[in-house]
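Colleague: One file: data_30.txt (compact mmCIF, C-alpha atoms and all ligand atoms).
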```
# COMPACT_ATOMS: atom_id res chain seq x y z
CA MET A 1 17.14 10.17 -6.76
CA ILE A 2 19.28 10.20 -9.88
CA ALA A 3 17.17 10.55 -12.98
CA ILE A 4 18.25 7.83 -15.38
CA GLY A 5 17.19 10.29 -18.02
CA SER A 6 15.16 13.46 -17.63
CA ALA A 7 11.42 12.86 -17.30
CA SER A 8 10.61 14.48 -20.63
CA MET A 9 13.32 12.60 -22.51
CA ASP A 10 12.31 9.41 -20.82
CA ALA A 11 8.64 9.48 -21.62
CA GLY A 12 8.89 7.84 -25.03
CA THR A 13 11.88 5.62 -24.31
CA SER A 14 11.42 2.05 -25.46
CA THR A 15 11.38 -0.88 -23.07
CA ALA A 16 14.53 -2.26 -24.70
CA ASP A 17 16.44 0.99 -24.10
CA ARG A 18 15.27 1.20 -20.52
CA LEU A 19 16.22 -2.41 -19.88
CA ALA A 20 19.68 -1.89 -21.36
CA ARG A 21 20.22 0.97 -18.88
CA TYR A 22 18.86 -1.00 -15.92
CA MET A 23 21.17 -3.95 -16.71
CA ARG A 24 24.42 -2.07 -17.25
CA PRO A 25 27.25 -2.52 -14.72
CA GLY A 26 27.17 -0.48 -11.50
CA THR A 27 28.70 -0.21 -8.06
CA LEU A 28 25.96 -2.14 -6.22
CA SER A 29 25.86 -5.89 -6.13
CA LEU A 30 22.60 -7.65 -5.29
CA ALA A 31 23.26 -11.36 -4.77
CA ALA A 32 19.60 -12.33 -5.34
CA LEU A 33 16.46 -10.52 -6.41
CA PRO A 34 13.75 -10.11 -3.74
CA PRO A 35 10.18 -11.48 -3.96
CA LEU A 36 8.08 -9.68 -6.56
CA SER A 37 4.55 -8.33 -6.03
CA LEU A 38 2.15 -6.81 -8.55
CA TYR A 39 0.08 -3.70 -7.85
CA VAL A 40 -2.78 -2.76 -10.20
CA HIS A 41 -4.23 0.74 -9.84
CA LEU A 42 -7.87 1.47 -10.73
CA PRO A 43 -8.15 5.27 -10.45
CA TRP A 44 -11.87 6.13 -10.24
CA CYS A 45 -14.22 6.86 -7.33
CA LEU A 46 -17.86 7.93 -7.07
CA LYS A 47 -16.71 11.15 -5.41
CA LYS A 48 -13.34 12.54 -4.30
CA CYS A 49 -13.03 12.51 -0.49
CA PRO A 50 -11.79 15.77 1.05
CA TYR A 51 -8.82 14.17 2.85
CA CYS A 52 -7.61 11.91 0.01
CA ASP A 53 -4.38 12.51 -1.92
CA PHE A 54 -4.35 9.18 -3.73
CA ASN A 55 -4.51 9.18 -7.52
CA SER A 56 -8.29 8.93 -7.58
CA HIS A 57 -10.65 10.78 -9.90
CA GLN A 58 -14.34 11.36 -9.71
CA GLN A 59 -16.06 9.13 -12.25
CA ALA A 60 -17.62 11.40 -14.89
CA ASP A 61 -20.04 9.05 -16.66
CA THR A 62 -19.68 5.37 -17.43
CA LEU A 63 -16.36 3.78 -16.57
CA PRO A 64 -14.20 3.02 -19.63
CA GLU A 65 -13.73 -0.52 -18.32
CA ALA A 66 -12.85 -2.22 -21.60
CA ARG A 67 -10.35 0.45 -22.66
CA TYR A 68 -8.73 0.55 -19.23
CA LEU A 69 -8.33 -3.25 -19.28
CA GLU A 70 -6.76 -2.96 -22.73
CA ALA A 71 -4.35 -0.34 -21.38
CA LEU A 72 -3.43 -2.55 -18.40
CA ARG A 73 -2.72 -5.48 -20.75
CA ALA A 74 -0.49 -3.33 -22.94
CA ASP A 75 1.23 -1.82 -19.88
CA LEU A 76 1.94 -5.28 -18.46
CA GLU A 77 3.19 -6.66 -21.75
CA ALA A 78 5.61 -3.76 -22.20
CA ALA A 79 6.83 -4.28 -18.61
CA LEU A 80 7.42 -8.05 -18.86
CA PRO A 81 11.09 -7.74 -19.91
CA PHE A 82 11.78 -5.92 -16.59
CA ILE A 83 10.63 -8.95 -14.58
CA TRP A 84 11.50 -11.76 -16.94
CA GLY A 85 11.47 -15.22 -15.34
CA ARG A 86 10.29 -13.97 -11.95
CA ARG A 87 7.25 -15.39 -10.16
CA VAL A 88 4.65 -13.05 -8.68
CA HIS A 89 4.06 -13.61 -4.94
CA THR A 90 1.07 -11.32 -4.35
CA VAL A 91 -1.35 -9.14 -6.31
CA PHE A 92 -3.10 -6.03 -4.93
CA ILE A 93 -5.86 -4.34 -6.91
CA GLY A 94 -6.09 -0.90 -5.30
CA GLY A 95 -7.43 2.54 -5.96
CA GLY A 96 -9.40 4.62 -6.20
CA THR A 97 -12.35 2.32 -5.78
CA PRO A 98 -11.70 -0.98 -7.57
CA SER A 99 -15.14 -2.25 -6.52
CA LEU A 100 -16.62 0.21 -9.05
CA PHE A 101 -15.39 -2.26 -11.67
CA SER A 102 -17.88 -5.00 -12.48
CA PRO A 103 -17.11 -8.57 -11.43
CA ALA A 104 -16.84 -9.45 -15.14
CA ALA A 105 -14.12 -6.80 -15.57
CA ILE A 106 -12.22 -8.03 -12.51
CA ASP A 107 -12.55 -11.59 -13.82
CA GLN A 108 -11.08 -10.46 -17.16
CA LEU A 109 -8.31 -8.53 -15.40
CA ILE A 110 -7.24 -11.52 -13.30
CA ALA A 111 -7.37 -13.78 -16.38
CA ASP A 112 -5.19 -11.24 -18.24
CA LEU A 113 -2.66 -11.26 -15.39
CA ARG A 114 -2.62 -15.05 -15.15
CA ALA A 115 -2.10 -15.38 -18.91
CA ARG A 116 1.02 -13.19 -18.78
CA LEU A 117 2.59 -13.79 -15.36
CA PRO A 118 3.55 -16.87 -13.38
CA LEU A 119 1.58 -16.36 -10.14
CA GLU A 120 2.76 -18.37 -7.12
CA PRO A 121 0.33 -21.17 -6.25
CA GLY A 122 -2.13 -19.82 -3.65
CA CYS A 123 -1.06 -16.25 -4.48
CA GLU A 124 -2.86 -13.64 -2.32
CA ILE A 125 -5.05 -11.44 -4.56
CA THR A 126 -6.49 -8.47 -2.64
CA LEU A 127 -9.17 -6.13 -3.95
CA GLU A 128 -10.09 -2.81 -2.30
CA ALA A 129 -13.82 -2.26 -1.95
CA ASN A 130 -15.89 0.67 -0.73
CA PRO A 131 -19.20 0.23 1.06
CA GLY A 132 -22.04 1.41 -1.11
CA THR A 133 -20.46 0.31 -4.40
CA PHE A 134 -21.72 -3.22 -4.38
CA GLU A 135 -24.72 -5.46 -4.31
CA ARG A 136 -24.95 -8.65 -2.37
CA GLU A 137 -23.84 -10.85 -5.25
CA ARG A 138 -20.88 -8.66 -6.12
CA PHE A 139 -18.47 -9.82 -3.39
CA ARG A 140 -19.15 -13.47 -4.18
CA ALA A 141 -18.54 -12.78 -7.86
CA TYR A 142 -15.18 -11.15 -7.05
CA ARG A 143 -14.33 -14.24 -5.09
CA ALA A 144 -15.31 -16.45 -8.02
CA ALA A 145 -13.11 -14.27 -10.27
CA GLY A 146 -10.09 -15.21 -8.14
CA VAL A 147 -9.90 -12.45 -5.51
CA THR A 148 -8.78 -14.12 -2.25
CA ARG A 149 -8.89 -11.15 0.13
CA LEU A 150 -11.15 -8.11 0.35
CA SER A 151 -10.06 -4.83 1.96
CA ILE A 152 -13.03 -2.66 2.88
CA GLY A 153 -12.60 1.09 3.36
CA VAL A 154 -15.00 1.72 6.23
CA GLN A 155 -13.20 4.65 7.97
CA SER A 156 -15.87 4.92 10.69
CA PHE A 157 -19.16 3.31 11.71
CA ASN A 158 -20.51 6.66 12.95
CA ASP A 159 -22.91 8.45 10.56
CA ALA A 160 -21.93 11.95 11.71
CA LYS A 161 -18.22 11.16 11.23
CA LEU A 162 -18.85 9.66 7.79
CA GLN A 163 -20.65 12.87 6.86
CA ALA A 164 -17.76 14.96 8.20
CA LEU A 165 -15.48 12.90 5.92
CA ASP A 166 -17.98 13.41 3.06
CA ARG A 167 -18.09 9.67 2.44
CA VAL A 168 -20.62 8.34 -0.05
CA HIS A 169 -21.82 5.59 2.33
CA ASP A 170 -23.45 5.53 5.76
CA ALA A 171 -22.82 3.31 8.78
CA ALA A 172 -25.53 0.81 7.85
CA GLN A 173 -23.92 0.28 4.41
CA ALA A 174 -20.51 -0.12 6.06
CA LYS A 175 -21.85 -2.80 8.40
CA ALA A 176 -23.61 -4.59 5.54
CA ALA A 177 -20.39 -4.56 3.49
CA VAL A 178 -18.34 -6.06 6.32
CA ALA A 179 -20.98 -8.69 7.06
CA GLU A 180 -20.97 -9.72 3.41
CA ALA A 181 -17.17 -9.77 3.17
CA ARG A 182 -17.17 -12.08 6.18
CA GLU A 183 -19.56 -14.44 4.42
CA ALA A 184 -17.84 -14.38 1.05
CA PHE A 185 -14.12 -14.44 1.97
CA ASP A 186 -11.84 -16.53 4.18
CA THR A 187 -9.81 -13.43 4.94
CA PHE A 188 -10.59 -9.72 4.77
CA ASN A 189 -9.48 -6.36 6.15
CA ILE A 190 -11.32 -3.37 7.55
CA ASP A 191 -9.72 0.10 7.12
CA LEU A 192 -10.56 2.58 9.88
CA MET A 193 -9.22 6.08 10.47
CA TYR A 194 -8.98 7.83 13.84
CA ALA A 195 -8.47 11.41 15.11
CA LEU A 196 -11.43 12.33 12.89
CA PRO A 197 -13.00 15.81 12.94
CA GLY A 198 -14.52 16.35 16.40
CA GLN A 199 -13.94 12.71 17.41
CA THR A 200 -13.95 11.87 21.12
CA LEU A 201 -12.28 8.89 22.79
CA LYS A 202 -15.74 7.49 23.47
CA GLN A 203 -16.65 7.67 19.79
CA LEU A 204 -13.43 5.90 18.84
CA HIS A 205 -14.22 3.29 21.50
CA GLN A 206 -17.56 2.71 19.77
CA ASP A 207 -15.98 2.51 16.29
CA LEU A 208 -13.45 -0.06 17.51
CA GLY A 209 -16.18 -2.01 19.31
CA GLN A 210 -18.23 -2.16 16.12
CA ALA A 211 -15.24 -3.18 13.98
CA LEU A 212 -14.09 -5.85 16.44
CA ALA A 213 -17.62 -7.25 16.78
CA PHE A 214 -17.17 -8.55 13.22
CA GLN A 215 -14.03 -10.43 14.37
CA PRO A 216 -12.01 -9.19 11.37
CA PRO A 217 -8.89 -11.28 10.72
CA HIS A 218 -7.11 -8.04 9.77
CA LEU A 219 -7.68 -4.43 10.80
CA SER A 220 -5.80 -1.32 9.60
CA VAL A 221 -6.20 1.84 11.64
CA TYR A 222 -4.72 5.07 10.26
CA HIS A 223 -4.30 8.45 11.92
CA LEU A 224 -6.22 10.90 9.67
CA THR A 225 -3.56 13.05 8.01
CA ILE A 226 -4.33 16.43 6.48
CA GLU A 227 -2.53 16.08 3.17
CA PRO A 228 -1.49 19.06 1.02
CA ASN A 229 -3.62 19.62 -2.10
CA THR A 230 -6.77 18.20 -0.55
CA ARG A 231 -10.00 20.00 0.34
CA PHE A 232 -9.21 19.49 4.04
CA ALA A 233 -5.88 21.31 3.55
CA LEU A 234 -7.74 24.32 2.14
CA ASP A 235 -10.40 24.30 4.82
CA PRO A 236 -9.03 22.31 7.77
CA PRO A 237 -11.55 20.68 10.10
CA GLN A 238 -11.10 20.72 13.89
CA VAL A 239 -9.32 17.47 14.75
CA PRO A 240 -8.25 16.06 18.15
CA ASP A 241 -5.03 17.53 19.60
CA ASP A 242 -1.81 15.47 19.81
CA ASP A 243 -2.40 14.34 23.39
CA THR A 244 -5.88 13.09 22.58
CA ALA A 245 -4.59 11.40 19.40
CA SER A 246 -1.92 9.68 21.49
CA ASP A 247 -4.58 8.47 23.97
CA MET A 248 -6.53 7.23 20.97
CA LEU A 249 -3.59 5.19 19.74
CA ASP A 250 -3.22 3.67 23.25
CA LEU A 251 -6.89 2.73 23.13
CA ILE A 252 -6.48 1.14 19.68
CA ILE A 253 -3.49 -0.90 20.89
CA GLU A 254 -5.33 -2.02 24.01
CA ARG A 255 -8.62 -2.95 22.32
CA THR A 256 -7.03 -4.81 19.39
CA ALA A 257 -4.73 -6.77 21.73
CA ALA A 258 -7.71 -7.72 23.93
CA ALA A 259 -9.41 -9.02 20.79
CA GLY A 260 -6.38 -11.20 19.99
CA LEU A 261 -5.10 -9.15 17.04
CA GLU A 262 -1.34 -8.66 16.87
CA ARG A 263 0.03 -5.23 15.96
CA TYR A 264 2.55 -6.57 13.43
CA GLU A 265 3.06 -3.18 11.74
CA VAL A 266 2.54 0.39 12.94
CA SER A 267 -1.03 0.60 11.56
CA ALA A 268 -1.83 -3.08 10.91
CA PHE A 269 -3.33 -5.66 13.28
CA ALA A 270 -3.92 -9.30 12.37
CA ASN A 271 -4.76 -12.76 13.60
CA ALA A 272 -2.15 -15.47 13.07
CA GLY A 273 -2.00 -16.42 9.40
CA HIS A 274 -3.88 -13.31 8.23
CA ARG A 275 -1.12 -10.73 7.76
CA CYS A 276 -1.23 -8.96 4.42
CA ALA A 277 1.51 -10.70 2.41
CA HIS A 278 1.47 -7.92 -0.20
CA ASN A 279 2.11 -5.09 2.25
CA LEU A 280 4.65 -7.24 4.13
CA ASN A 281 6.65 -7.46 0.93
CA TYR A 282 6.71 -3.63 0.72
CA TRP A 283 7.84 -3.33 4.33
CA GLN A 284 10.54 -5.97 3.79
CA TYR A 285 11.81 -3.88 0.87
CA GLY A 286 10.70 -6.43 -1.68
CA ASP A 287 10.04 -5.57 -5.33
CA TYR A 288 6.78 -4.53 -6.91
CA LEU A 289 5.67 -3.82 -10.42
CA GLY A 290 2.86 -1.24 -10.39
CA ILE A 291 0.64 -1.00 -13.47
CA GLY A 292 -2.23 1.42 -14.03
CA ALA A 293 -2.56 5.21 -13.90
CA GLY A 294 0.05 6.81 -11.64
CA ALA A 295 1.25 3.44 -10.30
CA HIS A 296 4.71 3.29 -8.73
CA SER A 297 7.16 0.39 -9.15
CA LYS A 298 10.31 -0.58 -7.31
CA LEU A 299 12.40 -3.09 -9.23
CA SER A 300 15.80 -4.56 -8.44
CA PHE A 301 18.46 -5.48 -10.97
CA PRO A 302 21.89 -7.03 -10.30
CA HIS A 303 23.54 -3.58 -9.97
CA ARG A 304 20.76 -1.11 -9.12
CA VAL A 305 17.33 -0.47 -7.66
CA VAL A 306 14.99 1.42 -9.99
CA ARG A 307 11.73 3.30 -9.43
CA GLN A 308 9.19 3.86 -12.19
CA ILE A 309 6.06 6.01 -12.28
CA ARG A 310 3.28 5.69 -14.87
CA TYR A 311 1.25 8.58 -16.32
CA ARG A 312 -1.07 9.84 -13.61
CA ASP A 313 -4.04 11.19 -15.55
CA PRO A 314 -6.28 8.23 -16.49
CA ALA A 315 -7.02 9.40 -20.07
CA THR A 316 -3.35 10.14 -20.78
CA TYR A 317 -2.35 6.86 -19.17
CA MET A 318 -4.71 4.87 -21.38
CA THR A 319 -3.41 6.50 -24.58
CA GLN A 320 0.23 6.09 -23.57
CA ALA A 321 -0.12 2.53 -22.25
CA ILE A 322 -1.88 1.34 -25.40
CA ALA A 323 0.99 2.87 -27.41
CA GLY A 324 3.42 0.84 -25.26
CA THR A 325 4.80 3.86 -23.37
CA ALA A 326 3.03 3.86 -19.96
CA VAL A 327 6.14 4.88 -17.97
CA SER A 328 6.41 8.66 -17.57
CA GLN A 329 9.46 8.69 -15.31
CA ASP A 330 12.14 6.36 -13.98
CA ASP A 331 14.87 6.96 -11.46
CA GLU A 332 17.69 4.96 -10.02
CA VAL A 333 17.72 4.97 -6.21
CA LYS A 334 21.01 6.55 -5.21
CA ARG A 335 23.42 4.48 -3.15
CA SER A 336 23.25 7.11 -0.42
CA GLU A 337 19.44 6.91 -0.30
CA LEU A 338 19.12 3.13 -0.09
CA PRO A 339 19.70 2.85 3.70
CA PHE A 340 16.92 5.36 4.46
CA GLU A 341 14.51 3.76 2.00
CA PHE A 342 15.15 0.34 3.48
CA MET A 343 14.79 1.58 7.07
CA LEU A 344 11.68 3.64 6.31
CA ASN A 345 9.96 0.36 5.52
CA ALA A 346 11.67 -2.14 7.81
CA THR A 347 11.21 -0.12 11.02
CA ARG A 348 7.44 -0.19 10.53
CA LEU A 349 7.44 -3.92 11.32
CA LYS A 350 7.18 -5.13 14.91
CA GLU A 351 9.50 -8.04 14.09
CA GLY A 352 12.10 -5.65 12.63
CA PHE A 353 14.50 -7.18 10.14
CA GLU A 354 17.30 -9.63 9.78
CA LEU A 355 20.65 -7.85 9.34
CA ALA A 356 21.49 -10.08 6.38
CA ARG A 357 18.34 -8.85 4.62
CA PHE A 358 19.70 -5.30 4.53
CA THR A 359 22.65 -6.42 2.42
CA GLU A 360 20.53 -8.77 0.34
CA ARG A 361 17.96 -6.07 -0.55
CA THR A 362 20.19 -3.01 -0.95
CA GLY A 363 23.44 -4.57 -2.16
CA LEU A 364 25.25 -2.47 0.46
CA PRO A 365 27.53 -3.69 3.26
CA LEU A 366 26.22 -3.54 6.85
CA SER A 367 28.77 -0.84 7.60
CA ALA A 368 26.40 1.54 5.74
CA ILE A 369 24.04 1.54 8.75
CA GLN A 370 26.19 0.34 11.64
CA ASN A 371 26.81 3.73 13.27
CA GLN A 372 23.18 4.78 13.01
CA LEU A 373 22.00 1.44 14.42
CA GLN A 374 24.34 1.93 17.37
CA GLN A 375 22.93 5.41 17.98
CA ALA A 376 19.37 4.06 17.73
CA LYS A 377 20.26 1.40 20.29
CA GLU A 378 21.77 3.96 22.68
CA ARG A 379 18.58 6.03 22.43
CA GLY A 380 16.46 2.96 23.23
CA LEU A 381 14.79 2.98 19.81
CA VAL A 382 15.91 -0.50 18.71
CA SER A 383 17.25 -3.66 20.28
CA LEU A 384 20.04 -5.48 18.45
CA ASP A 385 21.28 -9.01 18.56
CA LEU A 386 23.70 -10.82 16.30
CA ALA A 387 21.24 -11.35 13.49
CA TRP A 388 18.19 -9.11 14.04
CA VAL A 389 17.16 -5.51 14.63
CA HIS A 390 13.85 -4.95 16.45
CA PRO A 391 12.24 -1.56 16.99
CA THR A 392 11.51 -1.20 20.73
CA ALA A 393 8.14 0.04 22.02
CA ARG A 394 9.81 3.46 22.30
CA GLY A 395 11.10 3.15 18.70
CA PHE A 396 7.53 2.45 17.55
CA ASP A 397 6.25 5.51 19.46
CA PHE A 398 8.99 7.75 18.04
CA LEU A 399 9.20 6.18 14.60
CA ASN A 400 10.10 9.44 12.85
CA ASP A 401 13.10 9.93 15.15
CA LEU A 402 14.23 6.38 14.46
CA GLN A 403 13.84 6.70 10.69
CA GLU A 404 15.55 10.11 10.54
CA LEU A 405 18.75 8.60 11.91
CA PHE A 406 19.18 6.92 8.53
CA LEU A 407 18.53 9.99 6.37
C1 LIG B 501 -6.02 3.83 -1.05
S1 LIG B 501 -7.24 4.24 0.14
C2 LIG B 501 -8.53 3.50 -0.79
C3 LIG B 501 -9.61 2.82 -0.08
C4 LIG B 501 -11.00 3.08 -0.56
N1 LIG B 501 -11.07 3.78 -1.81
C5 LIG B 501 -11.75 3.88 0.46
O1 LIG B 501 -11.57 5.07 0.51
O2 LIG B 501 -12.51 3.27 1.20
C6 LIG B 501 -6.78 3.14 1.45
C7 LIG B 501 -7.00 3.66 2.84
O3 LIG B 501 -6.13 4.74 3.13
C8 LIG B 501 -6.67 5.46 4.23
N2 LIG B 501 -6.49 6.90 3.98
C9 LIG B 501 -6.78 7.57 2.86
N3 LIG B 501 -6.49 8.89 3.02
C10 LIG B 501 -6.01 9.05 4.28
C11 LIG B 501 -5.54 10.15 5.05
N4 LIG B 501 -5.51 11.38 4.55
N5 LIG B 501 -5.12 9.91 6.31
C12 LIG B 501 -5.13 8.66 6.81
N6 LIG B 501 -5.56 7.58 6.14
C13 LIG B 501 -6.00 7.76 4.88
C14 LIG B 501 -8.13 5.07 4.35
O4 LIG B 501 -8.34 4.33 5.53
C15 LIG B 501 -8.37 4.23 3.13
O5 LIG B 501 -9.30 3.21 3.37
S1 LIG B 502 -13.03 6.65 -1.96
FE1 LIG B 502 -10.95 6.17 -1.20
S2 LIG B 502 -9.58 6.49 -2.93
FE2 LIG B 502 -11.57 7.40 -3.46
S3 LIG B 502 -11.34 9.55 -2.94
FE3 LIG B 502 -12.23 8.52 -1.15
S4 LIG B 502 -10.44 7.88 0.12
FE4 LIG B 502 -9.68 8.42 -1.92
```
Take the structure from the file and write it as structure tokens.

Modeller:
Amino acid sequence: MIAIGSASMDAGTSTADRLARYMRPGTLSLAALPPLSLYVHLPWCLKKCPYCDFNSHQQADTLPEARYLEALRADLEAALPFIWGRRVHTVFIGGGTPSLFSPAAIDQLIADLRARLPLEPGCEITLEANPGTFERERFRAYRAAGVTRLSIGVQSFNDAKLQALDRVHDAAQAKAAVAEAREAFDTFNIDLMYALPGQTLKQLHQDLGQALAFQPPHLSVYHLTIEPNTRFALDPPQVPDDDTASDMLDLIIERTAAAGLERYEVSAFANAGHRCAHNLNYWQYGDYLGIGAGAHSKLSFPHRVVRQIRYRDPATYMTQAIAGTAVSQDDEVKRSELPFEFMLNATRLKEGFELARFTERTGLPLSAIQNQLQQAKERGLVSLDLAWVHPTARGFDFLNDLQELFL
């Protein structure tokens, strides 16, 4: 990425100066701006999980709810000139553990967003919730506050596996959380992980059986990754080998299909009408404004695509955001990097992408990816017709190989 200015010089730059740089002439030409989503990051958890590299921090004492909401308001207000006149298609309140925030705080947050942004009618508003951070009334209160979709981080329904992951909840709490989400919401998601420490195919079978018994309209299943700078990286647990993990993925595909869920993205399975519109916008290389500690944004302008990052440490973020300077770094996506960025997202979708969308979202001609697409076709990784590119089953299995062609 090209730094629009060095990170240190950029930190205190005013919104007006940033906007002037984003709007200046350039070699790209985007005919129309893509749909815009809003991401709101709430960075605290009861305890840091040993596999997690998200910007999440163990809650020390009481949550500074009011001050954090003030910071989010100031952050959003300073960011409005970057998205002037654009409607917001989806909102995702993620973390961390957003369900640590009281329903009253979430109600205030959504009111603050609505007062400052034109949300599309019927806009999807997702909130991430952890089992064990709620009471029965809490989910209903989130719903009343305007949340339309709950995403529950279950990971596993097996007590021994939850302990191996050092989760704060047990299987009974996970089941209670899903049962309540089902009652309170028209649509919800369960997050599971597989290839867990010491996990057998039979145990995964049981986890899937338990998840599917709730008939979730959406299920996300992620391969546990050992991320650098996590406790698991320092002291790695014994996880299933690649062959077993591959058998596990086959089992996931088979069981979800038998339950009528469509694998519309590499890790996401949904009933008709229940896909996650927010994540779809990411995968279709749409725009998103991310507010909150460490949040990332991707914003298009007539002649460039820009990435912004906000201060990562919650206390620093709050101070900076309230002073109107939440952005710690911004970079322009280089012309040469746009094809890879686009393909990294678009190839995750079963339906692939319309060729015209590549030009619309990157401002580049199709010739920028034509040779690589041809190579991908010859290697059986995609199928091509006049208007669309679809990853093949082989392309989905060897996604890294497919994506690397566009590096
Ligand atoms: C942003 S996290 C937050 C969800 C919520 N705080 C929780 O932990 O239940 C969203 C999801 O990412 C997945 N995830 C987190 N770390 C992972 C890792 N190292 N490997 C695979 N999936 C991971 C988990 O399934 C988690 O539910
Ligand atoms: S609860 Fe979720 S966000 Fe928090 S540390 Fe654990 S995995 Fe990360």

Colleague: Taking a cut-off of 9 Å and counting only C-alpha atoms and all ligand atoms, can you build a table that, for each residue of chain A near ligand LIG 501 (chain B), reports the nearest atom pair and how far apart they are in Å (one decimal), sorted by chain then residue number, as JSON lines?

Modeller:
```
{"residue": "A:Trp44", "atom": "CA", "partner": "B:LIG501", "partner_atom": "N1", "distance": 8.8}
{"residue": "A:Cys45", "atom": "CA", "partner": "B:LIG501", "partner_atom": "N1", "distance": 7.1}
{"residue": "A:Cys49", "atom": "CA", "partner": "B:LIG501", "partner_atom": "O1", "distance": 7.6}
{"residue": "A:Pro50", "atom": "CA", "partner": "B:LIG501", "partner_atom": "N4", "distance": 8.4}
{"residue": "A:Tyr51", "atom": "CA", "partner": "B:LIG501", "partner_atom": "N4", "distance": 4.7}
{"residue": "A:Cys52", "atom": "CA", "partner": "B:LIG501", "partner_atom": "N3", "distance": 4.4}
{"residue": "A:Asp53", "atom": "CA", "partner": "B:LIG501", "partner_atom": "N3", "distance": 6.5}
{"residue": "A:Phe54", "atom": "CA", "partner": "B:LIG501", "partner_atom": "C1", "distance": 6.2}
{"residue": "A:Asn55", "atom": "CA", "partner": "B:LIG501", "partner_atom": "C1", "distance": 8.5}
{"residue": "A:Ser56", "atom": "CA", "partner": "B:LIG501", "partner_atom": "N1", "distance": 8.2}
{"residue": "A:Gly94", "atom": "CA", "partner": "B:LIG501", "partner_atom": "C1", "distance": 6.4}
{"residue": "A:Gly95", "atom": "CA", "partner": "B:LIG501", "partner_atom": "C1", "distance": 5.3}
{"residue": "A:Gly96", "atom": "CA", "partner": "B:LIG501", "partner_atom": "N1", "distance": 4.8}
{"residue": "A:Thr97", "atom": "CA", "partner": "B:LIG501", "partner_atom": "N1", "distance": 4.4}
{"residue": "A:Pro98", "atom": "CA", "partner": "B:LIG501", "partner_atom": "N1", "distance": 7.5}
{"residue": "A:Ser99", "atom": "CA", "partner": "B:LIG501", "partner_atom": "N1", "distance": 8.7}
{"residue": "A:Glu128", "atom": "CA", "partner": "B:LIG501", "partner_atom": "C3", "distance": 6.1}
{"residue": "A:Ala129", "atom": "CA", "partner": "B:LIG501", "partner_atom": "C4", "distance": 6.2}
{"residue": "A:Asn130", "atom": "CA", "partner": "B:LIG501", "partner_atom": "O2", "distance": 4.7}
{"residue": "A:Pro131", "atom": "CA", "partner": "B:LIG501", "partner_atom": "O2", "distance": 7.3}
{"residue": "A:Ser151", "atom": "CA", "partner": "B:LIG501", "partner_atom": "C3", "distance": 7.9}
{"residue": "A:Ile152", "atom": "CA", "partner": "B:LIG501", "partner_atom": "O2", "distance": 6.2}
{"residue": "A:Gly153", "atom": "CA", "partner": "B:LIG501", "partner_atom": "O2", "distance": 3.1}
{"residue": "A:Val154", "atom": "CA", "partner": "B:LIG501", "partner_atom": "O2", "distance": 5.8}
{"residue": "A:Gln155", "atom": "CA", "partner": "B:LIG501", "partner_atom": "O4", "distance": 5.4}
{"residue": "A:Arg167", "atom": "CA", "partner": "B:LIG501", "partner_atom": "O1", "distance": 8.2}
{"residue": "A:Ile190", "atom": "CA", "partner": "B:LIG501", "partner_atom": "O5", "distance": 8.1}
{"residue": "A:Asp191", "atom": "CA", "partner": "B:LIG501", "partner_atom": "O4", "distance": 4.7}
{"residue": "A:Leu192", "atom": "CA", "partner": "B:LIG501", "partner_atom": "O4", "distance": 5.2}
{"residue": "A:Met193", "atom": "CA", "partner": "B:LIG501", "partner_atom": "O4", "distance": 5.3}
{"residue": "A:Tyr194", "atom": "CA", "partner": "B:LIG501", "partner_atom": "C12", "distance": 8.1}
{"residue": "A:Ser220", "atom": "CA", "partner": "B:LIG501", "partner_atom": "O4", "distance": 7.4}
{"residue": "A:Val221", "atom": "CA", "partner": "B:LIG501", "partner_atom": "O4", "distance": 6.9}
{"residue": "A:Tyr222", "atom": "CA", "partner": "B:LIG501", "partner_atom": "N6", "distance": 4.9}
{"residue": "A:His223", "atom": "CA", "partner": "B:LIG501", "partner_atom": "C12", "distance": 5.2}
{"residue": "A:Leu224", "atom": "CA", "partner": "B:LIG501", "partner_atom": "N5", "distance": 3.7}
{"residue": "A:Thr225", "atom": "CA", "partner": "B:LIG501", "partner_atom": "N5", "distance": 3.9}
{"residue": "A:Ile226", "atom": "CA", "partner": "B:LIG501", "partner_atom": "N4", "distance": 5.5}
{"residue": "A:Glu227", "atom": "CA", "partner": "B:LIG501", "partner_atom": "N4", "distance": 5.7}
{"residue": "A:Thr230", "atom": "CA", "partner": "B:LIG501", "partner_atom": "N4", "distance": 8.6}
{"residue": "A:Phe232", "atom": "CA", "partner": "B:LIG501", "partner_atom": "N4", "distance": 8.9}
```

Colleague: Name all residues at most 12 Å from stretch 136-143 of chain A (count only C-alpha atoms; drop same-chain ones fewer than 3 positions away) and give them as an MDAnalysis selection string.

Modeller: chainID A and resid 93 98:110 124:133 146:152 173 176:188

Colleague: Which is closer to A:Asp207 than all the others in A:Ala393, A:Val40, A:Ala195, A:Leu366, using only C-alpha atoms?

Modeller: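 Of A:Ala393, A:Val40, A:Ala195, A:Leu366, the one nearest A:Asp207 is A:Ala195, counting only C-alpha atoms.
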
Colleague: So the first atom is atom CA of A:Asp242 and the second is atom CA of A:Leu208; what is the distance between them in Å, to one decimal place?

Modeller: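 Spanning atom CA of A:Asp242 to atom CA of A:Leu208 is a straight-line distance of 19.5 Å.
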
Colleague: In Å, how far is it from atom CA of A:Glu77 to atom CA of A:Ala32?

Modeller: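 It comes out at 23.9 Å.
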
Colleague: Which one of A:Leu165, A:Leu76, A:Leu33, A:Val266 sits closest to ligand LIG 502 (chain B) if you count all atoms listed in the file?

Modeller: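 Smallest distance to ligand LIG 502 (chain B) is found for A:Leu165.
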